[in-house]
$ cat start-v6.cif   # mmCIF, C-alpha atoms and all ligand atoms
data_model
#
loop_
_atom_site.label_atom_id
_atom_site.label_comp_id
_atom_site.auth_asym_id
_atom_site.auth_seq_id
_atom_site.Cartn_x
_atom_site.Cartn_y
_atom_site.Cartn_z
CA MET A 599 -21.37 -3.22 2.00
CA SER A 600 -18.77 -0.58 2.73
CA ASN A 601 -19.48 2.14 5.24
CA ALA A 602 -17.53 4.15 7.76
CA GLN A 603 -17.91 1.42 10.39
CA THR A 604 -16.57 -1.64 8.67
CA LEU A 605 -13.15 -2.16 7.13
CA ARG A 606 -11.87 -5.70 6.85
CA LEU A 607 -8.22 -6.73 6.93
CA GLY A 608 -7.36 -9.63 4.66
CA VAL A 609 -3.86 -10.97 5.16
CA ASN A 610 -2.05 -12.43 2.16
CA VAL A 611 0.09 -15.40 3.22
CA ASP A 612 1.85 -16.00 -0.13
CA HIS A 613 5.25 -14.99 1.15
CA ILE A 614 5.18 -17.37 4.10
CA ALA A 615 5.07 -20.00 1.34
CA THR A 616 7.87 -18.21 -0.54
CA LEU A 617 10.07 -18.65 2.52
CA ARG A 618 9.05 -22.30 2.96
CA ASN A 619 9.74 -23.06 -0.70
CA ALA A 620 13.26 -21.62 -0.43
CA ARG A 621 14.20 -24.87 1.32
CA GLY A 622 11.48 -27.06 -0.14
CA GLY A 623 10.17 -28.47 3.15
CA HIS A 624 7.10 -27.75 5.26
CA HIS A 625 8.31 -24.85 7.38
CA PRO A 626 7.14 -22.11 7.73
CA ASP A 627 3.61 -23.28 6.99
CA PRO A 628 1.27 -20.69 5.42
CA VAL A 629 -1.73 -22.38 7.07
CA ARG A 630 -0.16 -21.98 10.51
CA ALA A 631 0.47 -18.33 9.64
CA ALA A 632 -3.15 -17.94 8.54
CA LEU A 633 -4.41 -19.37 11.83
CA ALA A 634 -2.06 -17.06 13.77
CA VAL A 635 -3.16 -13.89 11.96
CA ILE A 636 -6.83 -14.80 12.37
CA GLU A 637 -6.23 -15.35 16.08
CA ALA A 638 -4.66 -11.85 16.16
CA GLY A 639 -7.67 -10.22 14.49
CA ALA A 640 -7.42 -10.62 10.69
CA ASP A 641 -10.83 -10.80 9.01
CA GLY A 642 -9.82 -13.08 6.16
CA ILE A 643 -6.98 -14.79 4.34
CA THR A 644 -5.84 -14.19 0.79
CA ALA A 645 -3.64 -16.60 -1.16
CA HIS A 646 -2.61 -16.55 -4.81
CA LEU A 647 -2.27 -19.88 -6.59
CA ARG A 648 -0.03 -18.92 -9.48
CA GLU A 649 0.30 -20.96 -12.63
CA ASP A 650 3.99 -21.58 -11.77
CA ARG A 651 3.17 -22.47 -8.10
CA ARG A 652 6.09 -20.30 -7.01
CA HIS A 653 4.63 -19.82 -3.52
CA ILE A 654 1.17 -21.18 -2.68
CA ARG A 655 0.60 -24.75 -3.86
CA ASP A 656 -2.59 -26.67 -4.52
CA ASP A 657 -2.58 -28.45 -1.17
CA ASP A 658 -2.03 -25.12 0.68
CA MET A 659 -5.23 -23.82 -0.85
CA ALA A 660 -7.15 -26.98 0.10
CA ARG A 661 -5.78 -26.87 3.65
CA LEU A 662 -6.55 -23.15 4.01
CA LYS A 663 -10.15 -23.81 2.99
CA ALA A 664 -10.43 -26.75 5.39
CA GLU A 665 -8.71 -25.22 8.41
CA ILE A 666 -9.41 -21.48 8.64
CA SER A 667 -12.51 -20.07 10.29
CA LYS A 668 -12.58 -16.81 8.29
CA PRO A 669 -13.26 -16.17 4.60
CA LEU A 670 -10.71 -17.41 2.07
CA ASN A 671 -10.00 -15.10 -0.87
CA PHE A 672 -8.55 -17.23 -3.69
CA GLU A 673 -6.44 -15.07 -6.01
CA MET A 674 -5.97 -16.50 -9.46
CA ALA A 675 -5.62 -15.85 -13.16
CA ALA A 676 -8.70 -16.35 -15.32
CA THR A 677 -7.69 -19.73 -16.75
CA GLU A 678 -9.63 -22.98 -17.17
CA GLU A 679 -7.23 -24.77 -14.81
CA MET A 680 -7.77 -22.22 -12.02
CA LEU A 681 -11.53 -22.18 -12.55
CA ARG A 682 -11.61 -25.95 -12.08
CA ILE A 683 -9.58 -25.70 -8.85
CA ALA A 684 -11.65 -22.79 -7.51
CA LEU A 685 -14.91 -24.61 -8.17
CA ALA A 686 -13.57 -27.67 -6.35
CA THR A 687 -12.16 -25.59 -3.45
CA ARG A 688 -15.24 -23.38 -3.08
CA PRO A 689 -13.58 -20.37 -1.39
CA HIS A 690 -15.63 -17.47 -0.10
CA ALA A 691 -14.22 -15.25 -2.84
CA VAL A 692 -12.13 -15.35 -5.98
CA CYS A 693 -10.01 -12.36 -6.94
CA LEU A 694 -9.12 -12.42 -10.63
CA VAL A 695 -5.67 -11.02 -11.32
CA PRO A 696 -3.50 -10.75 -14.43
CA GLU A 697 -0.50 -13.03 -14.40
CA ARG A 698 2.72 -12.93 -16.35
CA ARG A 699 5.29 -15.66 -15.90
CA LEU A 700 8.33 -13.40 -15.52
CA GLU A 701 6.83 -10.81 -13.20
CA VAL A 702 8.09 -10.58 -9.61
CA THR A 703 4.58 -9.80 -8.35
CA THR A 704 1.19 -8.86 -9.84
CA GLU A 705 2.37 -5.80 -11.72
CA GLY A 706 -0.74 -4.23 -13.15
CA GLY A 707 -4.49 -4.47 -13.05
CA LEU A 708 -6.65 -6.80 -15.08
CA ASP A 709 -7.65 -5.46 -18.51
CA VAL A 710 -11.37 -5.99 -18.07
CA VAL A 711 -12.20 -3.86 -21.12
CA GLY A 712 -9.83 -5.75 -23.44
CA GLN A 713 -10.81 -9.19 -22.09
CA GLN A 714 -14.52 -8.61 -21.61
CA LYS A 715 -15.55 -11.45 -23.95
CA ALA A 716 -13.57 -14.04 -22.00
CA LEU A 717 -14.17 -12.56 -18.55
CA GLY A 718 -17.95 -12.23 -18.82
CA PRO A 719 -18.71 -15.99 -18.86
CA PHE A 720 -15.89 -16.63 -16.36
CA ILE A 721 -17.45 -14.20 -13.85
CA GLY A 722 -20.90 -15.66 -14.60
CA CYS A 723 -19.69 -19.15 -13.80
CA LEU A 724 -18.25 -18.09 -10.43
CA ASN A 725 -21.35 -16.01 -9.64
CA ASP A 726 -23.53 -19.06 -10.38
CA ALA A 727 -21.38 -21.15 -8.04
CA GLY A 728 -22.00 -18.64 -5.23
CA ILE A 729 -18.35 -17.52 -5.13
CA ARG A 730 -17.93 -13.77 -4.73
CA VAL A 731 -15.88 -12.42 -7.63
CA SER A 732 -13.50 -9.53 -7.26
CA LEU A 733 -11.57 -8.01 -10.18
CA PHE A 734 -8.12 -6.59 -9.42
CA ILE A 735 -7.98 -3.45 -11.53
CA ALA A 736 -6.36 -0.05 -11.75
CA ALA A 737 -8.55 2.86 -10.64
CA ASP A 738 -9.45 3.53 -14.26
CA PRO A 739 -13.04 4.63 -15.00
CA ALA A 740 -13.37 2.44 -18.13
CA GLN A 741 -12.22 -0.67 -16.24
CA ILE A 742 -14.49 0.08 -13.29
CA GLU A 743 -17.53 0.60 -15.51
CA MET A 744 -16.82 -2.62 -17.38
CA ALA A 745 -16.47 -4.55 -14.10
CA ALA A 746 -19.98 -3.42 -13.15
CA LYS A 747 -21.31 -4.23 -16.63
CA LEU A 748 -19.94 -7.78 -16.38
CA HIS A 749 -21.71 -8.23 -13.02
CA ALA A 750 -18.64 -8.59 -10.85
CA PRO A 751 -19.88 -7.72 -7.34
CA VAL A 752 -16.48 -6.46 -6.14
CA ILE A 753 -13.39 -4.69 -7.46
CA GLU A 754 -10.03 -4.49 -5.74
CA ILE A 755 -8.23 -1.30 -6.65
CA HIS A 756 -4.53 -1.86 -7.39
CA THR A 757 -2.75 0.46 -4.96
CA GLY A 758 0.76 -0.47 -6.15
CA ALA A 759 1.49 2.59 -8.28
CA TRP A 760 0.43 4.92 -5.46
CA CYS A 761 2.43 3.02 -2.82
CA ASP A 762 5.52 2.93 -5.07
CA ALA A 763 5.35 6.70 -5.56
CA VAL A 764 4.92 7.27 -1.81
CA THR A 765 7.90 5.01 -1.04
CA ALA A 766 10.04 6.75 -3.69
CA GLY A 767 9.16 10.14 -2.17
CA GLU A 768 7.70 11.28 -5.51
CA THR A 769 5.10 13.57 -4.01
CA SER A 770 3.49 14.82 -7.16
CA ARG A 771 3.13 11.35 -8.73
CA ALA A 772 1.85 10.02 -5.40
CA GLU A 773 -0.81 12.74 -5.27
CA THR A 774 -1.90 12.01 -8.87
CA GLU A 775 -2.18 8.28 -8.11
CA TRP A 776 -4.01 9.00 -4.87
CA GLN A 777 -6.58 11.20 -6.59
CA ARG A 778 -7.15 8.38 -9.11
CA ILE A 779 -7.88 6.00 -6.24
CA VAL A 780 -10.24 8.48 -4.55
CA ALA A 781 -12.19 9.07 -7.77
CA GLY A 782 -12.15 5.36 -8.65
CA ALA A 783 -13.50 4.32 -5.26
CA ARG A 784 -16.35 6.84 -5.56
CA LEU A 785 -17.21 5.79 -9.09
CA ALA A 786 -17.14 2.10 -8.19
CA GLN A 787 -19.43 2.54 -5.23
CA SER A 788 -21.87 4.60 -7.28
CA ALA A 789 -21.85 1.78 -9.88
CA GLY A 790 -22.95 -0.62 -7.12
CA LEU A 791 -19.59 -2.34 -6.65
CA GLU A 792 -18.05 -3.24 -3.31
CA VAL A 793 -14.58 -1.70 -3.23
CA HIS A 794 -11.42 -3.34 -1.91
CA GLY A 795 -7.81 -2.18 -2.12
CA GLY A 796 -4.44 -3.86 -2.11
CA HIS A 797 -0.84 -4.13 -3.21
CA GLY A 798 2.20 -2.54 -1.64
CA LEU A 799 0.37 -1.21 1.42
CA ASP A 800 2.23 -0.57 4.68
CA TYR A 801 1.07 0.94 7.97
CA ALA A 802 1.05 4.53 6.67
CA THR A 803 -0.61 3.90 3.31
CA ALA A 804 -3.15 1.53 4.89
CA GLU A 805 -4.03 4.23 7.42
CA LYS A 806 -4.51 6.78 4.67
CA ILE A 807 -6.64 4.60 2.39
CA ALA A 808 -8.73 3.49 5.37
CA GLY A 809 -9.94 7.09 5.37
CA LEU A 810 -11.87 6.45 2.16
CA PRO A 811 -15.35 5.41 3.34
CA GLN A 812 -16.01 3.43 0.14
CA ILE A 813 -13.27 0.90 0.92
CA ALA A 814 -14.63 -2.26 2.57
CA GLU A 815 -11.51 -4.42 2.64
CA LEU A 816 -7.73 -4.15 2.37
CA ASN A 817 -5.62 -7.13 1.34
CA ILE A 818 -2.06 -6.85 2.57
CA GLY A 819 0.82 -9.31 2.44
CA TYR A 820 4.43 -8.55 1.69
CA PHE A 821 4.94 -5.67 4.12
CA MET A 822 3.27 -7.59 6.95
CA VAL A 823 5.32 -10.73 6.42
CA GLY A 824 8.52 -8.64 6.43
CA GLU A 825 7.46 -6.73 9.52
CA ALA A 826 6.59 -9.98 11.28
CA LEU A 827 10.28 -10.96 11.16
CA PHE A 828 10.94 -8.20 13.67
CA VAL A 829 7.83 -8.10 15.86
CA GLY A 830 5.94 -11.32 15.09
CA LEU A 831 2.79 -11.92 13.06
CA ALA A 832 0.33 -11.18 15.86
CA GLU A 833 1.87 -7.82 16.72
CA THR A 834 1.99 -6.91 13.03
CA VAL A 835 -1.72 -7.64 12.65
CA ARG A 836 -2.57 -5.62 15.76
CA THR A 837 -0.47 -2.64 14.60
CA MET A 838 -2.01 -2.79 11.11
CA ARG A 839 -5.51 -3.05 12.57
CA ALA A 840 -4.82 -0.01 14.77
CA ALA A 841 -3.52 1.99 11.77
CA MET A 842 -6.64 1.07 9.76
CA ASP A 843 -8.92 1.99 12.67
CA ARG A 844 -7.22 5.39 13.01
CA GLY A 845 -7.65 6.00 9.29
CA ARG A 846 -11.26 4.82 9.31
CA LYS A 847 -12.16 7.33 12.05
CA THR A 848 -11.40 10.12 9.61
CA ALA A 849 -13.80 8.52 7.08
CA ALA A 850 -16.84 9.43 9.15
CA SER A 851 -16.60 13.04 7.99
CA PRO A 852 -17.32 13.74 4.31
CA ALA A 853 -14.18 13.74 2.10
N1 LIG B 1 -4.21 -7.94 -3.57
C1 LIG B 1 -3.88 -8.55 -4.74
C2 LIG B 1 -4.94 -8.76 -5.76
C3 LIG B 1 -2.56 -9.00 -4.98
O1 LIG B 1 -2.23 -9.59 -6.13
C4 LIG B 1 -1.60 -8.83 -3.95
C5 LIG B 1 -0.21 -9.36 -4.16
O2 LIG B 1 -0.24 -10.74 -4.27
C6 LIG B 1 -2.00 -8.23 -2.76
C7 LIG B 1 -3.30 -7.76 -2.61
C8 LIG B 1 -1.05 -8.02 -1.63
O3 LIG B 1 -0.01 -7.20 -2.03
P1 LIG B 1 1.25 -7.01 -1.08
O4 LIG B 1 1.83 -8.38 -0.90
O5 LIG B 1 2.12 -6.08 -1.84
O6 LIG B 1 0.74 -6.44 0.20
#
$ encode --input "start-v6.cif" --output "structure tokens" --more "lines below"
Ligand code: PXP
Amino acid sequence: MSNAQTLRLGVNVDHIATLRNARGGHHPDPVRAALAVIEAGADGITAHLREDRRHIRDDDMARLKAEISKPLNFEMAATEEMLRIALATRPHAVCLVPERRLEVTTEGGLDVVGQQKALGPFIGCLNDAGIRVSLFIAADPAQIEMAAKLHAPVIEIHTGAWCDAVTAGETSRAETEWQRIVAGARLAQSAGLEVHGGHGLDYATAEKIAGLPQIAELNIGYFMVGEALFVGLAETVRTMRAAMDRGRKTAASPA
């Protein structure tokens, strides 16, 4: 459970596979990257098997499960095909995300309220299989309450809108989005949910969100893969870990 002492770093290796797929061969290998980031201190690996297999492929997921020593967080859409693969792969966790074919990345949160009829049994099936379910949602009270009602043990708050506003220098929008995240994290914890965060985070935003004591895990990919081009994966993980640790220190005092 989240507290001021523990904050896990999950590294998303999707974009190592994006780079590999640009030439269609085996290099760079996302599994090798996963092993390297774990060696450097990552607490888990996240990978998204998309319907169009644009980055991670089925055998990447199987190899990640077989070869890494830390928890595997399998990101996927709530489809029958993905459920079958997840049940066969048996990852530590499944993070359910919305997926649209033409999107560049996961653009918004899951509509748990609108899809409650379909998601309820889906979550139940993963719960029964002993796979920890996380729902990737906006910090919206109705979505958070529905996640708890459907017995998802975890939510991951979509930090993309906040990070975009910070990057664009739109201070007032950034503050509004930040306050949504703060309130959402509090509400989720009080509803008994474990709270994760992810999307668009960099060193500065990860440090800031690490200051929220309710957050137990951050899942970060794109920025870290880009940064690794300049300083290497291991150094990127160490710098991110240090930023998160600095942020977490501030979480010990009440917000
Ligand atoms: N968490 C979830 C649920 C995601 O869909 C993504 C993007 O694949 C991430 C975290 C990581 O986002 P980013 O690559 O922007 O750090």
$ closest_atom_pairs --input "start-v6.cif" --of "chain A" --to "ligand LIG 1 (chain B)" --cutoff "9 Å" --atoms "only C-alpha atoms and all ligand atoms" --output "CSV"
residue,atom,partner,partner_atom,distance
A:Gly608,CA,B:LIG1,C7,8.5
A:Val609,CA,B:LIG1,C8,7.9
A:Asn610,CA,B:LIG1,C8,5.9
A:Val611,CA,B:LIG1,O4,8.3
A:Asp612,CA,B:LIG1,O2,7.0
A:His613,CA,B:LIG1,O4,7.7
A:Thr644,CA,B:LIG1,C7,7.7
A:Ala645,CA,B:LIG1,O2,7.5
A:His646,CA,B:LIG1,O2,6.3
A:Glu673,CA,B:LIG1,C2,6.5
A:Met674,CA,B:LIG1,O1,8.5
A:Cys693,CA,B:LIG1,C2,6.3
A:Leu694,CA,B:LIG1,C2,7.4
A:Val695,CA,B:LIG1,C2,6.0
A:Pro696,CA,B:LIG1,O1,8.5
A:Thr703,CA,B:LIG1,C5,6.4
A:Thr704,CA,B:LIG1,O1,5.1
A:Glu705,CA,B:LIG1,O1,8.2
A:Gly706,CA,B:LIG1,O1,9.0
A:Gly707,CA,B:LIG1,C2,8.5
A:Ser732,CA,B:LIG1,C2,8.7
A:Leu733,CA,B:LIG1,C2,8.0
A:Phe734,CA,B:LIG1,C2,5.3
A:Ile735,CA,B:LIG1,C2,8.4
A:Glu754,CA,B:LIG1,C2,6.6
A:Ile755,CA,B:LIG1,C2,8.2
A:His756,CA,B:LIG1,C2,7.1
A:Thr757,CA,B:LIG1,C7,8.6
A:Gly758,CA,B:LIG1,O5,7.2
A:His794,CA,B:LIG1,N1,8.7
A:Gly795,CA,B:LIG1,N1,6.9
A:Gly796,CA,B:LIG1,C7,4.1
A:His797,CA,B:LIG1,O3,3.4
A:Gly798,CA,B:LIG1,O5,3.5
A:Leu799,CA,B:LIG1,O6,5.4
A:Asp800,CA,B:LIG1,O6,7.5
A:Leu816,CA,B:LIG1,C7,7.6
A:Asn817,CA,B:LIG1,C7,4.6
A:Ile818,CA,B:LIG1,O6,3.7
A:Gly819,CA,B:LIG1,O4,3.6
A:Tyr820,CA,B:LIG1,O4,3.7
A:Phe821,CA,B:LIG1,O6,5.8
A:Met822,CA,B:LIG1,O6,7.3
A:Val823,CA,B:LIG1,O4,8.4
$ residues_around --input "start-v6.cif" --residues "Lys806 of chain A" --least-positions-apart "5" --cutoff "12 Å" --atoms "all atoms listed in the file" --output "tab-separated table (two decimals) with C-alpha atoms, in the frame of the given file"
chain	number	residue	atom	x	y	z
A	757	THR	CA	-2.75	0.46	-4.96
A	760	TRP	CA	0.43	4.92	-5.46
A	761	CYS	CA	2.43	3.02	-2.82
A	764	VAL	CA	4.92	7.27	-1.81
A	776	TRP	CA	-4.01	9.00	-4.87
A	779	ILE	CA	-7.88	6.00	-6.24
A	780	VAL	CA	-10.24	8.48	-4.55
A	795	GLY	CA	-7.81	-2.18	-2.12
A	799	LEU	CA	0.37	-1.21	1.42
A	800	ASP	CA	2.23	-0.57	4.68
A	801	TYR	CA	1.07	0.94	7.97
A	811	PRO	CA	-15.35	5.41	3.34
A	813	ILE	CA	-13.27	0.90	0.92
A	816	LEU	CA	-7.73	-4.15	2.37
A	838	MET	CA	-2.01	-2.79	11.11
A	841	ALA	CA	-3.52	1.99	11.77
A	842	MET	CA	-6.64	1.07	9.76
A	843	ASP	CA	-8.92	1.99	12.67
A	844	ARG	CA	-7.22	5.39	13.01
A	845	GLY	CA	-7.65	6.00	9.29
A	846	ARG	CA	-11.26	4.82	9.31
A	847	LYS	CA	-12.16	7.33	12.05
A	848	THR	CA	-11.40	10.12	9.61
A	849	ALA	CA	-13.80	8.52	7.08
$ residues_around --input "start-v6.cif" --residues "segment 660-669 of chain A" --least-positions-apart "3" --cutoff "7 Å" --atoms "only C-alpha atoms" --output "PyMOL selection string"
chain A and resi 629+633+641-643+656-657+687+689-690
$ atom_distance --input "start-v6.cif" --atom1 "atom CA of Ala691 of chain A" --atom2 "atom CA of Ala832 of chain A"
24.0 Å
$ closest_residue --input "start-v6.cif" --among "A:Ala686, A:Glu825, A:Ala746, A:Ala632" --to "Ala727 of chain A" --atoms "only C-alpha atoms"
A:Ala686
$ atom_distance --input "start-v6.cif" --atom1 "atom CA of Val793 of chain A" --atom2 "atom CA of Gly639 of chain A"
20.8 Å
$ closest_residue --input "start-v6.cif" --among "A:Leu827, A:Ile742, A:Phe672, A:Lys715" --to "Arg778 of chain A" --atoms "all atoms listed in the file"
A:Ile742
$ axis_aligned_box --input "start-v6.cif" --around "segment 634-646 of chain A" --padding-each-side "5 Å" --output "AutoDock Vina command-line options"
--center_x -6.4 --center_y -13.6 --center_z 5.7 --size_x 18.8 --size_y 16.8 --size_z 31.0
$ atom_distance --input "start-v6.cif" --atom1 "atom CA of Leu605 of chain A" --atom2 "atom CA of Ala814 of chain A"
4.8 Å
$ closest_residue --input "start-v6.cif" --among "A:Ala781, A:Ala620, A:Leu708, A:Leu685" --to "Asp726 of chain A" --atoms "only C-alpha atoms"
A:Leu685
$ closest_residue --input "start-v6.cif" --among "A:Ala638, A:Ala802, A:Glu649, A:Pro626" --to "Arg698 of chain A" --atoms "only C-alpha atoms"
A:Glu649
